[in-house]
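Next comes protein.tsv, a file with TSV, C-alpha atoms and all ligand atoms.
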```tsv
chain	number	residue	atom	x	y	z
A	1482	MET	CA	-13.23	10.94	-11.36
A	1483	ALA	CA	-12.81	14.60	-12.29
A	1484	GLU	CA	-9.18	15.68	-12.19
A	1485	LYS	CA	-8.56	17.92	-9.17
A	1486	LYS	CA	-5.65	20.30	-8.92
A	1487	ALA	CA	-3.27	19.47	-6.09
A	1488	VAL	CA	-2.57	22.15	-3.51
A	1489	ASP	CA	0.95	22.74	-4.78
A	1490	GLU	CA	-0.32	23.62	-8.25
A	1491	TYR	CA	-1.64	26.87	-6.76
A	1492	THR	CA	0.52	29.81	-5.78
A	1493	ILE	CA	-0.11	32.10	-2.83
A	1494	GLU	CA	-1.29	34.81	-5.27
A	1495	ASP	CA	-4.28	32.57	-6.05
A	1496	LEU	CA	-5.61	33.28	-2.55
A	1497	PRO	CA	-8.27	35.98	-2.35
A	1498	GLY	CA	-6.85	39.11	-0.73
A	1499	VAL	CA	-3.22	38.28	-1.59
A	1500	GLY	CA	-1.93	40.80	-4.11
A	1501	ASP	CA	1.64	41.27	-5.24
A	1502	ALA	CA	2.68	43.37	-2.22
A	1503	THR	CA	1.23	40.92	0.31
A	1504	ALA	CA	2.66	37.97	-1.57
A	1505	GLU	CA	6.08	39.56	-1.39
A	1506	LYS	CA	5.81	40.05	2.38
A	1507	LEU	CA	4.67	36.47	2.81
A	1508	ARG	CA	7.48	35.09	0.67
A	1509	GLU	CA	10.09	37.12	2.51
A	1510	ALA	CA	8.88	35.60	5.76
A	1511	GLY	CA	9.15	32.10	4.29
A	1512	TYR	CA	5.45	31.52	3.57
A	1513	ASP	CA	5.99	30.70	-0.08
A	1514	ASN	CA	3.31	28.07	-0.55
A	1515	ILE	CA	-0.30	27.51	0.40
A	1516	MET	CA	0.40	24.59	2.71
A	1517	ALA	CA	2.75	26.72	4.84
A	1518	LEU	CA	-0.02	29.30	5.21
A	1519	ALA	CA	-2.67	26.70	5.95
A	1520	VAL	CA	-0.82	25.49	9.05
A	1521	ALA	CA	0.25	28.96	10.29
A	1522	SER	CA	-1.30	30.76	13.24
A	1523	PRO	CA	-2.70	34.28	12.66
A	1524	LYS	CA	-0.51	35.74	15.38
A	1525	ASP	CA	2.74	34.25	14.02
A	1526	LEU	CA	1.87	35.32	10.51
A	1527	SER	CA	1.05	38.83	11.64
A	1528	ASP	CA	4.22	39.08	13.75
A	1529	VAL	CA	6.62	38.08	11.00
A	1530	THR	CA	4.96	39.82	8.05
A	1531	GLY	CA	3.49	42.98	9.56
A	1532	ILE	CA	0.09	42.09	8.05
A	1533	GLY	CA	-2.73	42.78	10.55
A	1534	GLU	CA	-3.92	39.79	12.57
A	1535	GLY	CA	-7.43	39.96	11.11
A	1536	ALA	CA	-6.14	39.94	7.53
A	1537	ALA	CA	-3.70	37.16	8.43
A	1538	ALA	CA	-6.59	35.06	9.79
A	1539	LYS	CA	-8.50	35.52	6.50
A	1540	ILE	CA	-5.48	34.48	4.43
A	1541	ILE	CA	-5.01	31.38	6.60
A	1542	ALA	CA	-8.69	30.49	6.35
A	1543	SER	CA	-8.63	30.63	2.54
A	1544	ALA	CA	-5.33	28.74	2.42
A	1545	ARG	CA	-7.00	25.98	4.44
A	1546	LYS	CA	-9.81	25.74	1.89
A	1547	TYR	CA	-7.28	25.36	-0.90
A	1548	ALA	CA	-5.22	22.92	1.12
A	1549	ASP	CA	-8.28	20.66	1.29
A	1550	VAL	CA	-8.52	20.54	-2.50
A	1551	GLY	CA	-7.37	17.15	-3.67
A	1552	ASN	CA	-7.01	15.85	-0.14
A	1553	PHE	CA	-9.79	13.32	-0.53
A	1554	GLU	CA	-8.92	10.06	-2.20
A	1555	THR	CA	-11.06	6.99	-2.51
A	1556	GLY	CA	-10.18	3.93	-0.48
A	1557	GLU	CA	-9.44	2.19	-3.77
A	1558	GLU	CA	-6.85	4.80	-4.74
A	1559	ILE	CA	-5.21	4.57	-1.35
A	1560	LEU	CA	-5.13	0.79	-1.51
A	1561	GLN	CA	-3.51	1.01	-4.94
A	1562	ARG	CA	-0.80	3.29	-3.55
A	1563	ARG	CA	-0.36	1.08	-0.48
A	1564	LYS	CA	0.28	-1.88	-2.79
A	1565	GLU	CA	3.44	-0.15	-3.97
A	1566	VAL	CA	4.80	0.12	-0.41
A	1567	LYS	CA	8.20	-1.55	-0.10
A	1568	LYS	CA	10.10	-2.47	3.03
A	1569	LEU	CA	13.73	-1.73	3.77
A	1570	SER	CA	15.64	-4.09	6.03
A	1571	THR	CA	17.57	-2.77	9.02
A	1572	GLY	CA	19.91	-5.75	9.00
A	1573	SER	CA	18.32	-7.11	12.17
A	1574	LYS	CA	15.52	-9.62	11.78
A	1575	ALA	CA	14.21	-8.81	15.25
A	1576	LEU	CA	13.96	-5.11	14.41
A	1577	ASP	CA	12.50	-5.81	10.96
A	1578	ASP	CA	9.85	-8.05	12.54
A	1579	LEU	CA	8.98	-5.36	15.06
A	1580	LEU	CA	8.35	-3.05	12.10
A	1581	GLY	CA	6.29	-5.59	10.21
A	1582	GLY	CA	9.12	-6.47	7.82
A	1583	GLY	CA	11.27	-3.34	7.72
A	1584	LEU	CA	10.93	0.42	7.25
A	1585	GLU	CA	8.04	1.28	4.95
A	1586	THR	CA	8.20	3.54	1.94
A	1587	GLN	CA	5.65	6.41	1.76
A	1588	ALA	CA	6.07	6.82	5.50
A	1589	LEU	CA	8.25	8.67	7.95
A	1590	THR	CA	10.02	6.60	10.60
A	1591	GLU	CA	11.51	8.33	13.61
A	1592	PHE	CA	14.25	6.84	15.81
A	1593	TYR	CA	14.57	8.70	19.06
A	1594	GLY	CA	16.71	8.19	22.12
A	1595	GLU	CA	19.44	9.71	24.19
A	1596	PHE	CA	22.98	10.48	23.03
A	1597	GLY	CA	24.82	7.28	22.10
A	1598	SER	CA	21.68	5.18	21.84
A	1599	GLY	CA	22.60	4.13	18.30
A	1600	LYS	CA	20.49	6.41	16.12
A	1601	THR	CA	23.32	7.44	13.81
A	1602	GLN	CA	24.61	3.86	13.56
A	1603	ILE	CA	21.17	2.71	12.42
A	1604	MET	CA	21.06	5.51	9.82
A	1605	HIS	CA	24.42	4.37	8.39
A	1606	GLN	CA	23.17	0.82	8.28
A	1607	LEU	CA	19.94	1.81	6.49
A	1608	ALA	CA	22.01	3.72	3.94
A	1609	VAL	CA	24.07	0.59	3.22
A	1610	PHE	CA	20.98	-1.60	2.95
A	1611	ALA	CA	19.16	0.77	0.60
A	1612	THR	CA	22.00	0.35	-1.92
A	1613	MET	CA	21.86	-3.44	-1.66
A	1614	PRO	CA	19.89	-5.76	-3.98
A	1615	VAL	CA	16.19	-6.29	-3.38
A	1616	ASP	CA	16.66	-9.99	-2.58
A	1617	LYS	CA	18.96	-8.99	0.30
A	1618	GLY	CA	16.40	-6.64	1.81
A	1619	GLY	CA	17.56	-3.51	-0.04
A	1620	PHE	CA	16.20	-1.22	-2.74
A	1621	ASP	CA	19.15	-1.22	-5.16
A	1622	SER	CA	18.89	2.57	-4.95
A	1623	ASP	CA	20.84	5.69	-4.09
A	1624	VAL	CA	20.49	7.43	-0.73
A	1625	LEU	CA	20.16	11.05	0.36
A	1626	ILE	CA	21.40	12.05	3.81
A	1627	LEU	CA	20.90	15.40	5.51
A	1628	ASP	CA	23.61	15.47	8.14
A	1629	THR	CA	22.99	18.19	10.71
A	1630	GLU	CA	25.49	17.12	13.39
A	1631	ASN	CA	28.45	16.24	11.20
A	1632	THR	CA	28.30	12.62	12.28
A	1633	PHE	CA	28.29	10.91	8.87
A	1634	ARG	CA	31.38	8.68	8.68
A	1635	PRO	CA	32.24	7.01	5.36
A	1636	GLU	CA	34.56	4.69	7.31
A	1637	ARG	CA	31.52	3.21	9.04
A	1638	ILE	CA	29.81	2.67	5.68
A	1639	VAL	CA	32.92	0.78	4.51
A	1640	GLN	CA	32.88	-1.46	7.61
A	1641	MET	CA	29.18	-2.21	7.30
A	1642	ALA	CA	29.35	-2.82	3.55
A	1643	ASN	CA	32.28	-5.21	4.00
A	1644	TYR	CA	30.37	-7.17	6.63
A	1645	ARG	CA	27.37	-7.48	4.28
A	1646	GLY	CA	29.61	-8.57	1.41
A	1647	VAL	CA	28.93	-5.60	-0.87
A	1648	ASP	CA	31.48	-3.39	-2.58
A	1649	PRO	CA	32.26	-0.48	-0.23
A	1650	ASP	CA	33.34	1.93	-2.99
A	1651	GLU	CA	30.21	1.30	-5.02
A	1652	THR	CA	28.14	1.74	-1.84
A	1653	LEU	CA	29.81	5.07	-1.04
A	1654	ARG	CA	29.23	6.29	-4.59
A	1655	ARG	CA	25.48	5.86	-4.12
A	1656	ILE	CA	25.26	7.73	-0.81
A	1657	HIS	CA	24.84	11.50	-1.22
A	1658	VAL	CA	25.41	13.55	1.91
A	1659	ALA	CA	24.61	17.21	2.50
A	1660	ARG	CA	25.65	19.04	5.62
A	1661	ALA	CA	22.88	21.29	6.93
A	1662	TYR	CA	24.35	24.23	8.80
A	1663	ASN	CA	21.16	25.56	10.37
A	1664	SER	CA	17.44	24.85	10.36
A	1665	HIS	CA	16.71	27.05	7.34
A	1666	HIS	CA	19.46	25.35	5.39
A	1667	GLN	CA	18.00	22.00	6.43
A	1668	ILE	CA	14.53	23.03	5.20
A	1669	LEU	CA	15.95	24.20	1.87
A	1670	LEU	CA	17.91	20.99	1.39
A	1671	ALA	CA	14.77	18.94	2.03
A	1672	GLU	CA	12.88	20.97	-0.56
A	1673	LYS	CA	15.74	20.38	-3.01
A	1674	ALA	CA	15.84	16.65	-2.35
A	1675	SER	CA	13.21	16.04	-5.00
A	1676	ASP	CA	15.37	17.75	-7.63
A	1677	GLN	CA	18.12	15.24	-6.92
A	1678	THR	CA	15.88	12.36	-7.92
A	1679	LYS	CA	15.89	13.67	-11.49
A	1680	GLU	CA	19.54	12.67	-11.61
A	1681	PHE	CA	19.34	9.41	-9.74
A	1682	ASN	CA	16.81	7.20	-8.09
A	1683	ALA	CA	16.81	7.70	-4.29
A	1684	ARG	CA	14.46	5.52	-2.30
A	1685	LEU	CA	15.84	6.47	1.09
A	1686	LEU	CA	16.02	9.95	2.61
A	1687	ILE	CA	17.71	10.28	5.99
A	1688	VAL	CA	17.66	13.32	8.27
A	1689	ASP	CA	20.11	12.88	11.16
A	1690	SER	CA	19.12	14.75	13.25
A	1691	LEU	CA	15.68	16.14	12.48
A	1692	THR	CA	15.47	18.40	15.50
A	1693	SER	CA	18.95	19.42	16.71
A	1694	HIS	CA	19.11	22.74	14.83
A	1695	PHE	CA	15.53	23.61	15.66
A	1696	ARG	CA	16.18	22.81	19.28
A	1697	SER	CA	19.26	24.99	19.62
A	1698	GLU	CA	17.96	27.89	17.53
A	1699	TYR	CA	14.54	28.19	19.09
A	1700	MET	CA	15.09	28.13	22.81
A	1701	GLY	CA	12.38	29.09	25.25
A	1702	ARG	CA	8.63	29.19	25.04
A	1703	GLY	CA	8.50	32.49	23.20
A	1704	SER	CA	9.80	30.99	19.97
A	1705	LEU	CA	8.07	27.64	20.32
A	1706	ALA	CA	5.22	28.52	17.96
A	1707	GLU	CA	7.57	29.57	15.19
A	1708	ARG	CA	9.71	26.48	15.68
A	1709	GLN	CA	6.70	24.19	15.53
A	1710	GLN	CA	5.41	25.86	12.39
A	1711	LEU	CA	8.76	25.40	10.63
A	1712	LEU	CA	9.16	21.84	11.83
A	1713	ASN	CA	5.67	21.01	10.66
A	1714	ARG	CA	6.35	22.35	7.21
A	1715	HIS	CA	9.71	20.58	7.06
A	1716	MET	CA	8.23	17.24	8.06
A	1717	HIS	CA	5.52	17.55	5.43
A	1718	ASP	CA	8.20	18.20	2.81
A	1719	LEU	CA	9.94	15.03	3.95
A	1720	LEU	CA	6.74	12.98	3.85
A	1721	LYS	CA	5.96	14.33	0.42
A	1722	PHE	CA	9.35	13.13	-0.78
A	1723	GLY	CA	8.50	9.68	0.60
A	1724	THR	CA	5.14	9.58	-1.13
A	1725	LEU	CA	6.24	10.96	-4.51
A	1726	ASN	CA	9.33	8.77	-4.74
A	1727	ASN	CA	7.93	5.71	-2.98
A	1728	ALA	CA	10.85	6.19	-0.59
A	1729	VAL	CA	11.62	5.48	3.04
A	1730	VAL	CA	12.10	8.60	5.13
A	1731	ALA	CA	14.12	7.93	8.29
A	1732	VAL	CA	14.81	10.64	10.86
A	1733	THR	CA	16.46	10.79	14.26
A	1734	ASN	CA	15.39	12.76	17.28
A	1735	GLN	CA	16.71	13.25	20.77
A	1736	VAL	CA	14.95	12.98	24.08
A	1737	SER	CA	14.78	15.95	26.35
A	1738	ALA	CA	15.18	16.46	30.04
A	1739	ARG	CA	14.62	20.20	29.91
A	1740	PRO	CA	11.31	20.84	31.60
A	1741	ASP	CA	11.48	24.57	30.89
A	1742	VAL	CA	11.52	24.05	27.17
A	1743	PHE	CA	10.13	20.66	26.37
A	1744	PHE	CA	7.61	19.74	29.02
A	1745	GLY	CA	9.25	17.49	31.56
A	1746	ASP	CA	9.56	13.80	30.87
A	1747	PRO	CA	13.27	13.01	30.30
A	1748	THR	CA	12.33	10.21	27.94
A	1749	SER	CA	10.06	12.27	25.75
A	1750	PRO	CA	11.19	13.09	22.23
A	1751	ILE	CA	11.71	16.68	21.09
A	1752	GLY	CA	9.23	18.38	18.86
A	1753	GLY	CA	6.06	17.68	20.80
A	1754	ASN	CA	2.88	16.90	18.95
A	1755	ILE	CA	4.09	18.10	15.58
A	1756	VAL	CA	6.77	15.46	15.27
A	1757	GLY	CA	4.67	12.84	17.06
A	1758	HIS	CA	1.70	13.25	14.75
A	1759	THR	CA	3.66	13.39	11.53
A	1760	ALA	CA	5.91	10.39	12.15
A	1761	THR	CA	4.19	7.24	10.95
A	1762	PHE	CA	6.39	4.99	13.08
A	1763	ARG	CA	8.27	6.01	16.23
A	1764	ILE	CA	10.99	3.87	17.70
A	1765	TYR	CA	12.49	4.57	21.09
A	1766	LEU	CA	16.10	3.35	21.48
A	1767	ARG	CA	17.66	2.59	24.85
A	1768	LYS	CA	21.20	1.55	25.70
A	1769	SER	CA	21.64	-1.83	27.32
A	1770	LYS	CA	24.72	-3.86	28.26
A	1771	ALA	CA	27.65	-4.69	25.94
A	1772	GLY	CA	26.65	-2.88	22.78
A	1773	LYS	CA	23.06	-4.06	23.01
A	1774	ARG	CA	20.22	-1.68	22.32
A	1775	ILE	CA	16.54	-2.04	23.04
A	1776	ALA	CA	14.25	-0.71	20.33
A	1777	ARG	CA	10.65	-0.11	21.29
A	1778	LEU	CA	7.92	0.58	18.75
A	1779	MET	CA	5.92	3.41	20.28
A	1780	ASP	CA	3.46	4.41	17.66
A	1781	SER	CA	2.20	2.71	14.54
A	1782	PRO	CA	-1.03	2.88	12.58
A	1783	HIS	CA	-1.36	-0.89	12.26
A	1784	LEU	CA	1.26	-2.74	14.34
A	1785	PRO	CA	1.22	-3.70	18.02
A	1786	GLU	CA	3.66	-2.09	20.44
A	1787	GLY	CA	6.66	-4.25	21.20
A	1788	GLU	CA	10.41	-4.44	21.66
A	1789	ALA	CA	13.41	-5.84	19.83
A	1790	VAL	CA	16.95	-6.22	21.15
A	1791	ILE	CA	19.74	-5.47	18.66
A	1792	GLN	CA	23.51	-5.49	18.73
A	1793	ILE	CA	25.65	-2.57	17.54
A	1794	SER	CA	29.23	-3.44	16.69
A	1795	GLU	CA	31.91	-2.62	14.18
A	1796	ASP	CA	29.89	-4.65	11.66
A	1797	GLY	CA	26.85	-2.45	12.15
A	1798	VAL	CA	23.42	-3.40	13.39
A	1799	ALA	CA	22.59	-7.09	13.80
A	1800	ASP	CA	20.59	-9.52	15.86
A	1801	ILE	CA	21.94	-10.70	19.18
A	1802	GLN	CA	24.20	-13.71	18.63
A	1803	GLY	CA	22.45	-16.99	19.32
A	1804	SER	CA	18.97	-15.50	19.41
A	1901	LIG	P1	23.40	8.54	18.65
A	1901	LIG	O1	22.13	7.90	19.12
A	1901	LIG	O2	23.86	9.62	19.56
A	1901	LIG	O3	23.37	8.92	17.22
A	1901	LIG	P2	25.38	6.67	17.74
A	1901	LIG	O4	24.55	6.01	16.72
A	1901	LIG	O5	26.42	7.59	17.29
A	1901	LIG	O6	24.47	7.39	18.83
A	1901	LIG	O7	26.00	5.52	18.63
A	1901	LIG	C1	27.25	5.60	19.15
A	1901	LIG	C2	27.58	4.24	19.69
A	1901	LIG	O8	27.66	3.29	18.62
A	1901	LIG	C3	28.90	4.17	20.37
A	1901	LIG	O9	28.77	4.53	21.72
A	1901	LIG	C4	29.27	2.71	20.22
A	1901	LIG	O10	28.60	1.95	21.20
A	1901	LIG	C5	28.64	2.34	18.89
A	1901	LIG	N1	29.65	2.35	17.82
A	1901	LIG	C6	29.95	3.36	16.99
A	1901	LIG	N2	30.95	3.04	16.15
A	1901	LIG	C7	31.29	1.78	16.47
A	1901	LIG	C8	32.29	0.86	15.99
A	1901	LIG	N3	33.11	1.18	14.99
A	1901	LIG	N4	32.34	-0.35	16.55
A	1901	LIG	C9	31.51	-0.68	17.56
A	1901	LIG	N5	30.58	0.13	18.07
A	1901	LIG	C10	30.47	1.35	17.52
A	1902	MG	MG	23.79	10.71	16.27
```

Using the file provided, produce a representation of the structure as structure tokens.
Ligand code: ADP
Ligand code: MG
Amino acid sequence: MAEKKAVDEYTIEDLPGVGDATAEKLREAGYDNIMALAVASPKDLSDVTGIGEGAAAKIIASARKYADVGNFETGEEILQRRKEVKKLSTGSKALDDLLGGGLETQALTEFYGEFGSGKTQIMHQLAVFATMPVDKGGFDSDVLILDTENTFRPERIVQMANYRGVDPDETLRRIHVARAYNSHHQILLAEKASDQTKEFNARLLIVDSLTSHFRSEYMGRGSLAERQQLLNRHMHDLLKFGTLNNAVVAVTNQVSARPDVFFGDPTSPIGGNIVGHTATFRIYLRKSKAGKRIARLMDSPHLPEGEAVIQISEDGVADIQGS
């Protein structure tokens, strides 16, 4: 097969009609790559760059043509890549089974649920498992965490590592945490994540929470389009990390009861279609009695919907005793 250039081997100056001055305006507004332009709307692009809407539409149309370059792969190539997919254990057999054996690499798995439903606990547990040996359900790898709510607690890692019989200090040394102070910072950190893997092998990238900054910074319908465009780009950066590094990408998301901003249903996750369509697996977490949580698989390309009941305790995430 003839070698095709991937979309990220082109720069925005390669687009017809984008000279140095236009490129500078686009970059200043954050449209620094062809993919970001391909998913933009002409109105947004015009609003933030000052380029006329007609010209913006032409730039987007040509970016879409470039974005298609290299997008087609044969079934054989995809099967080859799928063969490298690995599964990361959650520490609960019931939850692993629900997911067909654990969280898949080369995919993005979203855990959503209300405050206290256990999302952050599960992220800590995944971090511990990723550092564990392969025969214990881990990846023997380092972990990258983008912490947007300041909820990472090394003490919890120590508790969970002790319970699993692995050295807590060694586990902590392999978990690399970055605080993201706002959505732009979060986007930059995700772009930088790939640089980190030159220094160490990270097969798990966590973003806890994916949406909290976006939600608080872009209130109201007026800024919804911009928020969705940024979220879309961010999620594609995350997925790309998963594909290039054969890594699990795990993100958390809240549910919303704000009909004015996020369309009604109090059990619907934030981020609308953008998050829903980009997440490969979506798991809805609900609180139940005595530390129990119900995890429901909402969306998967090849698994049936279903539920698992898990226990969250000082030891982390586990199956219900006696089940
Ligand atoms: P969120 O979905 O908001 O991220 P968390 O993952 O932070 O929720 O879950 C918080 C819950 O986890 C607490 O309400 C408690 O039930 C449980 N939890 C947290 N730490 C411990 C602990 N050390 N021992 C037992 N349960 C804990
Ligand atoms: Mg949390």

| task | In the coordinates of the file, take the point (19.2, 16.8, 20.0) and a cut-off of 9 Å; then, counting only C-alpha atoms, name each qualifying protein, DNA or RNA residue as a ChimeraX atom specification. | result | /A:1595-1596,1690-1697,1733-1737,1751

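Between atom CA of Asp1577 of chain A and atom CA of Ala1789 of chain A lies a distance of 8.9 Å.
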
| task | Please check which protein, DNA or RNA residues sit within 7 Å of ligand LIG 1901 (chain A), counting only C-alpha atoms and all ligand atoms, and write them as a ChimeraX atom specification. | result | /A:1594-1603,1637,1772,1793-1796

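Between atom CA of Asn1682 of chain A and atom CA of Lys1564 of chain A there is a distance of 19.6 Å.
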
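Between atom CA of Leu1576 of chain A and atom CA of Ala1776 of chain A lies a distance of 7.4 Å.
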
| task | Check the smallest atom-to-atom distance from each of A:His1717, A:His1665, A:His1605, A:Lys1506 to ligand MG 1902 (chain A) using all atoms listed in the file, then report the winner. | result |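 That would be A:His1605, the residue with the smallest distance to ligand MG 1902 (chain A).
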
| remark: One residue among A:Arg1562, A:Arg1634, A:Arg1655, A:Lys1524 is nearest to ligand MG 1902 (chain A) when using all atoms listed in the file, and that residue is A:Arg1634

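You can rank A:Ile1668, A:Val1688, A:Ala1706, A:Leu1569 by their closest distance to ligand MG 1902 (chain A) using all atoms listed in the file, and at the top of that list sits A:Val1688.
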
| task | Find the spatial neighbours of segment 1513-1521 of chain A, counting only C-alpha atoms, within a cut-off of 9 Å - ignore same-chain residues fewer than 4 positions away - and output them as a list in words. | result |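 What passes the distance filter is Val1488, Asp1489, Tyr1491, Thr1492, Ile1493, Leu1496, Ala1504, Glu1505, Leu1507, Arg1508, Glu1509, Asp1525, Leu1526, Ile1540, Ile1541, Ala1542, Ser1543, Ala1544, Arg1545, Lys1546, Tyr1547, Ala1548, Glu1707, Gln1710, Leu1711, Asn1713 and Arg1714 of chain A.
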
| message | Please determine, counting only C-alpha atoms and all ligand atoms, which residue among A:Asp1621, A:Glu1591, A:Asp1689, A:Glu1672 has the shortest atom-to-atom distance to ligand MG 1902 (chain A). | response |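 The answer is A:Asp1689, which sits nearest to ligand MG 1902 (chain A).
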
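Minimum distance to ligand MG 1902 (chain A) across A:Thr1530, A:Asp1650, A:Asp1718, A:Leu1766 (counting only C-alpha atoms and all ligand atoms) occurs at A:Leu1766.
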
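Of the residues under consideration (A:Glu1565, A:Ser1675, A:His1715, A:Val1732), A:Val1732 shows the shortest atom-to-atom contact distance to ligand MG 1902 (chain A) when counting all atoms listed in the file.
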
| said: Please list as a ChimeraX atom specification every residue within 9 Å of Glu1494 of chain A, counting all atoms listed in the file and excluding residues in the same chain fewer than 4 positions away. | reply: /A:1498-1501,1503-1504
